[in-house]
>>> print(open('model.cif').read())   # mmCIF, C-alpha atoms
data_model
#
loop_
_atom_site.label_atom_id
_atom_site.label_comp_id
_atom_site.auth_asym_id
_atom_site.auth_seq_id
_atom_site.Cartn_x
_atom_site.Cartn_y
_atom_site.Cartn_z
CA MET A 1 91.35 108.49 112.24
CA SER A 2 88.50 106.82 110.49
CA GLY A 3 84.96 107.03 111.73
CA ASN A 4 85.14 103.33 112.52
CA ASN A 5 87.79 103.79 115.11
CA GLU A 6 85.97 106.71 116.61
CA ASP A 7 83.01 104.42 116.94
CA PHE A 8 85.18 101.65 118.26
CA TYR A 9 86.38 103.81 121.07
CA ARG A 10 83.27 105.86 121.43
CA ASN A 11 83.66 105.83 125.20
CA ASN A 12 87.26 106.85 125.12
CA SER A 13 86.64 110.54 125.51
CA ALA A 14 87.35 111.75 129.02
CA SER A 15 84.15 110.77 130.74
CA SER A 16 83.88 111.62 134.42
CA ALA A 17 84.43 107.98 135.36
CA ASP A 18 87.58 107.79 133.29
CA VAL A 19 88.91 110.98 134.78
CA ILE A 20 88.43 109.66 138.30
CA ILE A 21 90.34 106.51 137.48
CA SER A 22 93.05 108.56 135.89
CA GLN A 23 93.39 110.75 138.96
CA ASP A 24 93.62 107.68 141.18
CA ALA A 25 96.28 106.25 138.93
CA ARG A 26 98.35 109.38 139.09
CA HIS A 27 98.08 109.32 142.84
CA ASN A 28 99.25 105.72 142.90
CA ASN A 29 102.10 106.55 140.60
CA ASN A 30 103.62 108.66 143.31
CA GLY A 31 104.10 105.58 145.47
CA ASP A 32 106.75 102.89 145.22
CA LYS A 33 104.60 100.26 143.58
CA PRO A 34 105.44 99.54 139.95
CA GLN A 35 102.72 100.28 137.40
CA THR A 36 101.07 97.48 135.48
CA ARG A 37 102.78 97.22 132.10
CA LEU A 38 100.79 96.20 129.07
CA LEU A 39 101.72 95.25 125.54
CA VAL A 40 99.11 96.38 123.00
CA VAL A 41 99.22 94.94 119.50
CA ASP A 42 96.99 95.78 116.54
CA ASP A 43 97.86 96.15 112.87
CA GLU A 44 95.79 99.34 112.71
CA PRO A 45 97.94 102.30 113.86
CA ASP A 46 94.91 104.35 114.86
CA ILE A 47 93.66 101.65 117.18
CA VAL A 48 97.04 101.23 118.84
CA HIS A 49 97.25 104.98 119.32
CA VAL A 50 93.81 105.30 120.88
CA LEU A 51 94.21 102.24 123.09
CA LYS A 52 97.62 103.33 124.28
CA LEU A 53 96.39 106.81 125.10
CA GLY A 54 93.26 105.61 126.85
CA LEU A 55 94.97 102.94 128.91
CA GLN A 56 97.79 105.29 129.86
CA GLN A 57 95.20 107.78 131.06
CA ASN A 58 93.85 104.99 133.23
CA GLY A 59 97.18 104.44 134.91
CA PHE A 60 98.79 101.68 132.89
CA LEU A 61 102.20 101.66 131.33
CA VAL A 62 101.61 100.75 127.70
CA ASP A 63 103.88 99.71 124.85
CA GLY A 64 102.08 99.66 121.52
CA PHE A 65 102.97 97.84 118.32
CA THR A 66 101.41 97.56 114.88
CA ASN A 67 103.69 94.68 113.92
CA SER A 68 103.13 91.52 115.96
CA GLU A 69 106.61 90.18 115.23
CA GLU A 70 108.14 93.32 116.68
CA ALA A 71 105.82 93.10 119.67
CA LEU A 72 107.04 89.58 120.30
CA GLN A 73 110.65 90.73 120.17
CA SER A 74 109.86 93.37 122.76
CA LEU A 75 108.28 90.76 124.99
CA LYS A 76 111.28 88.47 124.60
CA SER A 77 113.58 91.30 125.63
CA ASN A 78 111.41 92.21 128.62
CA ALA A 79 109.79 88.90 129.44
CA GLU A 80 109.30 89.63 133.13
CA SER A 81 108.11 93.18 132.84
CA TYR A 82 104.80 92.69 131.06
CA CYS A 83 101.71 91.73 132.96
CA LEU A 84 99.31 91.41 130.05
CA VAL A 85 99.25 91.35 126.27
CA LEU A 86 96.21 92.84 124.57
CA SER A 87 96.18 91.83 120.93
CA ASP A 88 93.98 91.89 117.89
CA VAL A 89 93.14 88.41 116.60
CA ARG A 90 93.39 88.96 112.88
CA MET A 91 96.75 90.37 111.93
CA PRO A 92 98.96 89.63 108.95
CA GLY A 93 102.19 87.81 109.64
CA LEU A 94 101.85 86.62 113.22
CA THR A 95 98.18 86.43 114.21
CA GLY A 96 96.84 87.11 117.69
CA ILE A 97 96.45 83.40 118.41
CA GLN A 98 99.96 82.63 117.20
CA LEU A 99 101.27 85.53 119.27
CA ALA A 100 99.40 84.22 122.33
CA LYS A 101 101.01 80.83 121.92
CA ARG A 102 104.49 82.34 121.70
CA VAL A 103 103.86 84.65 124.66
CA LYS A 104 102.80 81.73 126.87
CA GLU A 105 105.89 79.79 125.80
CA ILE A 106 108.11 82.69 126.81
CA ASN A 107 106.34 83.52 130.06
CA PRO A 108 103.22 81.56 131.08
CA ASN A 109 102.45 84.15 133.73
CA VAL A 110 101.73 86.86 131.19
CA LYS A 111 97.99 87.15 130.63
CA VAL A 112 96.74 87.35 127.07
CA VAL A 113 93.53 89.04 126.00
CA LEU A 114 92.45 88.92 122.39
CA MET A 115 90.15 91.40 120.73
CA THR A 116 88.26 91.17 117.50
CA ALA A 117 85.65 93.04 115.52
CA PHE A 118 84.47 89.77 114.05
CA GLU A 119 82.10 87.35 115.68
CA ILE A 120 83.91 85.47 118.42
CA ARG A 121 83.68 81.77 117.88
CA ASP A 122 85.14 79.94 120.85
CA ASN A 123 86.00 76.89 118.84
CA GLU A 124 87.35 78.85 115.88
CA PHE A 125 90.96 78.32 116.78
CA SER A 126 90.72 75.66 119.45
CA LYS A 127 90.44 73.00 116.75
CA VAL A 128 93.58 74.23 115.07
CA PHE A 129 95.58 75.34 118.09
CA PRO A 130 94.16 73.22 120.93
CA SER A 131 97.08 73.87 123.25
CA THR A 132 96.92 77.64 123.03
CA ARG A 133 95.37 79.23 126.07
CA VAL A 134 94.15 82.79 126.24
CA ASP A 135 92.82 84.57 129.30
CA GLY A 136 90.03 86.55 127.74
CA PHE A 137 88.32 87.82 124.64
CA VAL A 138 87.12 91.33 123.93
CA GLN A 139 84.54 92.12 121.30
CA LYS A 140 85.10 95.37 119.44
CA PRO A 141 83.81 97.99 119.78
CA ILE A 142 84.56 98.45 123.46
CA GLY A 143 84.99 101.54 125.59
CA ILE A 144 88.20 102.24 127.47
CA ARG A 145 86.45 102.07 130.82
CA GLU A 146 85.06 98.62 130.11
CA LEU A 147 88.40 97.48 128.76
CA THR A 148 90.17 98.79 131.84
CA ASN A 149 87.84 96.85 134.10
CA LYS A 150 88.35 93.72 132.05
CA ILE A 151 92.12 94.06 132.32
CA LEU A 152 91.94 94.69 136.07
CA ASN A 153 89.75 91.61 136.53
CA ILE A 154 92.06 89.38 134.52
CA THR A 155 95.28 90.60 136.06
CA GLY A 156 93.80 90.59 139.56
CA VAL A 157 95.21 94.05 140.07
CA SER A 158 93.03 96.32 142.18
CA GLU A 159 92.48 99.95 141.44
CA GLU A 160 94.84 100.89 144.28
CA GLU A 161 97.57 98.49 143.19
CA LYS A 162 97.55 99.52 139.57
CA MET B 1 112.96 85.68 96.41
CA ARG B 2 112.10 85.32 100.05
CA SER B 3 111.21 88.97 100.09
CA ILE B 4 109.39 90.62 97.24
CA LYS B 5 111.61 93.63 97.69
CA GLN B 6 114.48 91.61 96.31
CA ASN B 7 112.56 91.36 93.07
CA GLU B 8 112.84 94.98 92.27
CA SER B 9 116.57 95.01 91.85
CA ASN B 10 116.58 91.85 89.81
CA ASN B 11 115.74 92.76 86.25
CA ASN B 12 116.59 89.27 85.11
CA HIS B 13 114.02 87.71 87.34
CA PRO B 14 111.80 85.39 85.29
CA TYR B 15 108.70 87.24 86.43
CA SER B 16 110.08 90.78 86.26
CA ASP B 17 108.05 91.60 83.14
CA LYS B 18 104.90 90.06 84.60
CA ILE B 19 104.84 91.86 87.94
CA VAL B 20 103.52 95.39 88.05
CA HIS B 21 104.97 97.52 90.84
CA GLY B 22 103.61 100.82 92.07
CA ASN B 23 102.42 102.77 95.05
CA SER B 24 98.85 102.39 96.19
CA LEU B 25 97.62 105.49 94.36
CA GLU B 26 99.21 104.42 91.09
CA ILE B 27 97.88 100.90 91.39
CA ALA B 28 94.42 102.09 92.37
CA GLU B 29 94.32 104.47 89.43
CA THR B 30 95.63 102.06 86.82
CA THR B 31 93.44 99.24 88.12
CA THR B 32 90.36 101.41 87.97
CA GLU B 33 90.88 103.68 84.99
CA LYS B 34 93.37 101.89 82.78
CA ASN B 35 92.02 98.40 83.10
CA LEU B 36 95.21 97.02 84.63
CA ILE B 37 93.27 93.89 85.51
CA GLU B 38 91.56 92.75 82.34
CA SER B 39 88.28 90.93 82.24
CA GLY B 40 88.83 87.21 82.75
CA SER B 41 91.93 87.72 84.88
CA HIS B 42 92.93 85.67 87.87
CA ALA B 43 95.17 88.32 89.37
CA LEU B 44 97.52 88.41 92.33
CA LEU B 45 97.70 91.58 94.39
CA VAL B 46 100.25 91.98 97.18
CA TYR B 47 99.52 95.04 99.32
CA ASN B 48 102.00 96.43 101.80
CA ASP B 49 99.53 97.77 104.36
CA MET B 50 95.82 98.16 104.95
CA GLU B 51 95.74 101.74 103.73
CA ALA B 52 96.96 100.56 100.35
CA PHE B 53 94.34 97.85 100.09
CA ARG B 54 91.63 100.30 101.16
CA GLU B 55 92.75 102.76 98.51
CA ILE B 56 92.52 100.13 95.81
CA TYR B 57 89.17 98.56 96.65
CA THR B 58 87.63 101.94 97.41
CA GLN B 59 88.68 103.63 94.18
CA TYR B 60 87.68 100.57 92.24
CA SER B 61 84.25 100.30 93.87
CA ARG B 62 83.58 104.02 93.52
CA ALA B 63 84.32 103.88 89.80
CA LEU B 64 82.96 100.48 88.80
CA LEU B 65 79.78 100.08 90.85
CA PRO B 66 78.07 102.93 88.96
CA GLN B 67 79.13 101.18 85.75
CA ASN B 68 76.96 98.21 86.61
CA GLU B 69 79.81 96.02 87.86
CA VAL B 70 79.24 93.55 90.70
CA VAL B 71 81.97 94.04 93.31
CA VAL B 72 82.75 91.55 96.06
CA ILE B 73 85.18 92.36 98.86
CA GLY B 74 86.24 89.39 100.95
CA THR B 75 87.87 90.96 103.97
CA GLN B 76 90.28 89.36 106.43
CA TYR B 77 91.88 92.12 108.49
CA GLU B 78 89.09 94.68 108.55
CA SER B 79 85.63 93.98 109.88
CA ILE B 80 82.74 93.97 107.42
CA ASN B 81 81.39 97.14 109.02
CA ASP B 82 84.78 98.84 108.72
CA VAL B 83 84.92 98.07 105.01
CA LYS B 84 81.41 99.42 104.52
CA ASN B 85 82.26 102.55 106.49
CA THR B 86 85.43 103.08 104.47
CA LEU B 87 83.39 102.86 101.28
CA ARG B 88 80.75 105.23 102.66
CA LEU B 89 83.38 107.77 103.68
CA SER B 90 84.77 107.71 100.14
CA GLY B 91 81.36 108.52 98.71
CA VAL B 92 80.09 105.08 97.71
CA ASP B 93 76.34 104.69 98.19
CA VAL B 94 76.80 101.44 100.08
CA GLU B 95 73.16 100.87 101.00
CA ARG B 96 72.02 101.34 97.41
CA TYR B 97 74.48 98.83 96.01
CA LEU B 98 73.88 96.34 98.81
CA ASN B 99 70.16 96.54 98.12
CA GLU B 100 70.72 96.18 94.38
CA GLY B 101 72.86 93.13 95.02
CA THR B 102 75.88 94.53 93.23
CA LEU B 103 78.06 95.05 96.31
CA PHE B 104 79.00 92.25 98.67
CA VAL B 105 81.27 92.60 101.69
CA LEU B 106 82.07 89.21 103.15
CA ASP B 107 84.21 87.67 105.87
CA ALA B 108 86.85 85.94 103.77
CA GLN B 109 87.86 83.67 106.63
CA HIS B 110 84.33 82.40 106.96
CA GLY B 111 84.34 81.51 103.29
CA TYR B 112 87.80 80.02 102.95
CA GLN B 113 87.80 78.13 106.24
CA GLY B 114 84.20 77.00 106.13
CA ALA B 115 82.97 73.53 105.33
CA ASP B 116 83.81 73.95 101.65
CA THR B 117 86.86 75.99 100.66
CA SER B 118 85.71 76.02 97.07
CA GLY B 119 82.40 77.48 98.24
CA THR B 120 83.75 80.97 97.62
CA TRP B 121 84.52 80.06 94.03
CA LYS B 122 81.07 78.52 93.60
CA PHE B 123 79.53 81.68 95.00
CA ALA B 124 81.55 83.78 92.56
CA LEU B 125 80.27 81.67 89.69
CA SER B 126 76.68 81.99 90.88
CA LEU B 127 77.12 85.76 91.02
CA LEU B 128 78.53 85.71 87.52
CA SER B 129 75.55 83.73 86.29
CA ARG B 130 73.16 86.16 87.92
CA ALA B 131 75.11 89.15 86.62
CA LYS B 132 74.75 87.86 83.09
CA LYS B 133 71.00 87.42 83.47
CA GLU B 134 70.68 90.92 84.87
CA GLY B 135 72.82 92.44 82.15
CA ARG B 136 75.60 93.51 84.49
CA GLN B 137 79.02 94.45 83.18
CA GLY B 138 80.80 91.72 85.11
CA VAL B 139 81.98 90.56 88.51
CA THR B 140 85.13 91.59 90.37
CA TRP B 141 86.14 89.66 93.46
CA PHE B 142 88.78 90.96 95.89
CA GLY B 143 89.52 88.07 98.23
CA ASP B 144 92.09 88.15 101.03
CA PRO B 145 93.40 84.64 101.68
CA GLY B 146 95.01 85.66 104.99
CA SER B 147 93.05 83.05 106.94
CA PHE B 148 95.08 80.28 105.32
CA PHE B 149 98.11 81.78 107.05
CA SER B 150 96.24 82.26 110.32
CA PHE B 151 95.28 78.59 110.36
CA GLU B 152 98.70 77.54 109.05
CA LYS B 153 97.16 75.90 105.99
CA ILE B 154 99.67 76.83 103.35
CA GLU B 155 99.36 73.60 101.42
CA GLU B 156 95.60 74.02 101.28
CA LEU B 157 96.11 77.59 100.05
CA MET B 158 98.37 76.43 97.25
CA GLN B 159 95.92 73.70 96.27
CA TYR B 160 93.07 76.19 96.25
CA GLU B 161 94.96 78.74 94.17
CA LEU B 162 96.04 76.14 91.65
CA SER B 163 92.52 74.79 91.41
CA LEU B 164 91.37 78.13 89.98
CA PRO B 165 91.83 78.76 86.27
CA GLN B 166 94.59 81.12 85.13
CA LYS B 167 92.17 82.90 82.84
CA TYR B 168 88.42 82.97 82.59
CA LYS B 169 86.37 83.24 79.46
CA ASP B 170 83.66 85.17 81.22
CA SER B 171 83.47 88.72 82.54
CA ILE B 172 84.92 87.95 85.92
CA LYS B 173 88.04 89.23 87.65
CA ILE B 174 89.39 87.38 90.65
CA VAL B 175 91.92 89.46 92.59
CA CYS B 176 93.67 87.34 95.24
CA SER B 177 94.74 90.09 97.64
CA TYR B 178 97.62 89.14 99.92
CA HIS B 179 99.04 91.25 102.72
CA LEU B 180 102.79 91.50 102.22
CA ARG B 181 103.51 90.07 105.68
CA ASP B 182 101.51 86.98 104.77
CA PHE B 183 102.97 86.63 101.29
CA GLU B 184 106.49 86.76 102.68
CA LYS B 185 105.69 83.70 104.76
CA LEU B 186 105.60 81.65 101.60
CA THR B 187 108.73 79.93 100.40
CA GLU B 188 110.49 81.19 97.31
CA ALA B 189 109.13 78.24 95.37
CA GLN B 190 105.59 78.91 96.52
CA GLN B 191 105.88 82.58 95.57
CA HIS B 192 107.15 81.55 92.13
CA THR B 193 104.28 79.13 91.73
CA LEU B 194 101.74 81.83 92.54
CA PHE B 195 103.34 84.40 90.25
CA ASP B 196 103.39 81.78 87.53
CA HIS B 197 99.78 80.71 88.00
CA HIS B 198 98.18 84.16 88.07
CA SER B 199 97.59 85.97 84.82
CA LYS B 200 98.67 89.27 86.36
CA SER B 201 100.66 90.11 89.47
CA ILE B 202 100.61 93.49 91.14
CA VAL B 203 102.84 94.49 94.03
CA VAL B 204 102.04 97.63 95.99
CA GLU B 205 105.19 99.23 97.38
#
>>> encode(input="model.cif", output="structure tokens")
Amino acid sequence: MSGNNEDFYRNNSASSADVIISQDARHNNNGDKPQTRLLVVDDEPDIVHVLKLGLQQNGFLVDGFTNSEEALQSLKSNAESYCLVLSDVRMPGLTGIQLAKRVKEINPNVKVVLMTAFEIRDNEFSKVFPSTRVDGFVQKPIGIRELTNKILNITGVSEEEK
Amino acid sequence: MRSIKQNESNNNHPYSDKIVHGNSLEIAETTTEKNLIESGSHALLVYNDMEAFREIYTQYSRALLPQNEVVVIGTQYESINDVKNTLRLSGVDVERYLNEGTLFVLDAQHGYQGADTSGTWKFALSLLSRAKKEGRQGVTWFGDPGSFFSFEKIEELMQYELSLPQKYKDSIKIVCSYHLRDFEKLTEAQQHTLFDHHSKSIVVE
């Protein structure tokens, strides 16, 4: 893994806060409630790996893809099972914005959060894709704890329900 | 030729003698040490993944910056900081060359999708002019046009590419660096047009 990704997920190491969340999640997993299932998409394999690991440790079910077209196929096949798609913005082939548009067409209830290491310009894509709605933006670098909280806020899932 | 891969098995393809194929290490080595991209080239590079592109721009920068070359990397899928860190990790003295004004790492999308698409070309020419005055060897520009695909502006991309000369008289190398997944979005005719218009085409397998 490059130093950049280590920096990106500098808070990913098992901090005490993360461990507590993870223990809660394991406890919840013993119940009947289904876990929140996420689709993580980034063209950088290292980032997908770290995100998947970190979010799994925080109690989520995570499917990770480095190819956005393949991620979309997975969503099509399991349209009702995903709660949220977390995707990089800039990806070759199908970009994060294009993916978001397709996801909403398939299932409008699926939340979409886009992440980028570049400056977030709200109107960057709105001029080009005015009808595409996303539920949140994440600026890289971000720690897993912060990302987890963001996902919980957007999905409306409480710590106990996760 | 929807997929470049189909090219490889077609020896009769009109561009088969013009397209150089190789893995990222081979391409990086021949580009850097064997002058695969000659001075004055408007070259087309199709890279199959980010690792390949990193290998090429890193090896090139590590070898050519100390030789007084101005190197510009217009990045689309890596952040500017990530590119700088990649260069640092490979041993390039990034701060020195940034301070000297011989290394530039830019957001390609900002340039191509800004108010003036040709602004990137104008900037390249201004760098060339300055390089001449300062006695530099030349200017090499790696530019990723991925934002044209992101914004679904393929016609604008084709217009931009065709607006650039096939060859330059001066010591400048323009390397239009396409991710394979983007390049495969082009029609067969558009791919042909680009292969035809560039003085050299390199496909990383």
>>> interface_residues(input="model.cif", of="chain A", to="chain B", cutoff="6 Å", atoms="only C-alpha atoms", output="PyMOL selection string")
chain A and resi 4+90+92-93+117
>>> write_last_selection(input="model.cif", atoms="C-alpha atoms", output="compact mmCIF listing (two decimals), keeping the file's coordinate frame")
# COMPACT_ATOMS: atom_id res chain seq x y z
CA ASN A 4 85.14 103.33 112.52
CA ARG A 90 93.39 88.96 112.88
CA PRO A 92 98.96 89.63 108.95
CA GLY A 93 102.19 87.81 109.64
CA ALA A 117 85.65 93.04 115.52
>>> closest_residue(input="model.cif", among="A:Val50, A:Gln139, A:Cys83, A:Leu39", to="Gly64 in chain A", atoms="all atoms listed in the file")
A:Leu39
>>> residues_near_point(input="model.cif", point="(98.9, 79.2, 122.0)", cutoff="9 Å", atoms="all atoms listed in the file", output="list in words")
Ile97, Gln98, Leu99, Ala100, Lys101, Arg102, Val103, Lys104, Glu105, Phe129, Pro130, Ser131, Thr132, Arg133 and Val134 of chain A
>>> atom_distance(input="model.cif", atom1="CA of His198 in chain B", atom2="CA of Tyr60 in chain B")
19.9 Å
>>> residues_around(input="model.cif", residues="Val112 in chain A", least_positions_apart="2", cutoff="7 Å", atoms="all atoms listed in the file", output="ChimeraX atom specification")
/A:84-86,100,110,114,134-136
>>> closest_residue(input="model.cif", among="A:Asn153, A:Asn109, A:Glu44, A:Thr148", to="Gln57 in chain A", atoms="only C-alpha atoms")
A:Thr148
>>> atom_distance(input="model.cif", atom1="CA of Glu80 in chain A", atom2="CA of Val157 in chain A")
16.3 Å
>>> residues_around(input="model.cif", residues="range 156-167 of chain B", least_positions_apart="5", cutoff="9 Å", atoms="all atoms listed in the file", output="ChimeraX atom specification")
/B:39-43,117-118,121,145,148-149,173,176,190,193-194,197-199
>>> closest_residue(input="model.cif", among="B:Thr30, B:Asn99, B:Asn68, B:Asn23", to="Phe53 in chain B", atoms="only C-alpha atoms")
B:Asn23
>>> atom_distance(input="model.cif", atom1="CA of Gly74 in chain B", atom2="CA of Gly143 in chain B")
4.5 Å
>>> residues_around(input="model.cif", residues="Asp42 in chain A", least_positions_apart="2", cutoff="10 Å", atoms="all atoms listed in the file", output="PyMOL selection string")
chain A and resi 40+44-49+51+64-68+71+86-92+95-96+115-116
>>> resolve_selection(input="model.cif", expression="the PyMOL selection byres ((chain B and resi 97) around 12)", output="ChimeraX atom specification")
/B:61-62,64-72,84,87-88,92-96,98-105
>>> residues_around(input="model.cif", residues="Gly111 in chain B", least_positions_apart="3", cutoff="6 Å", atoms="all atoms listed in the file", output="MDAnalysis selection string")
chainID B and resid 108 114 120
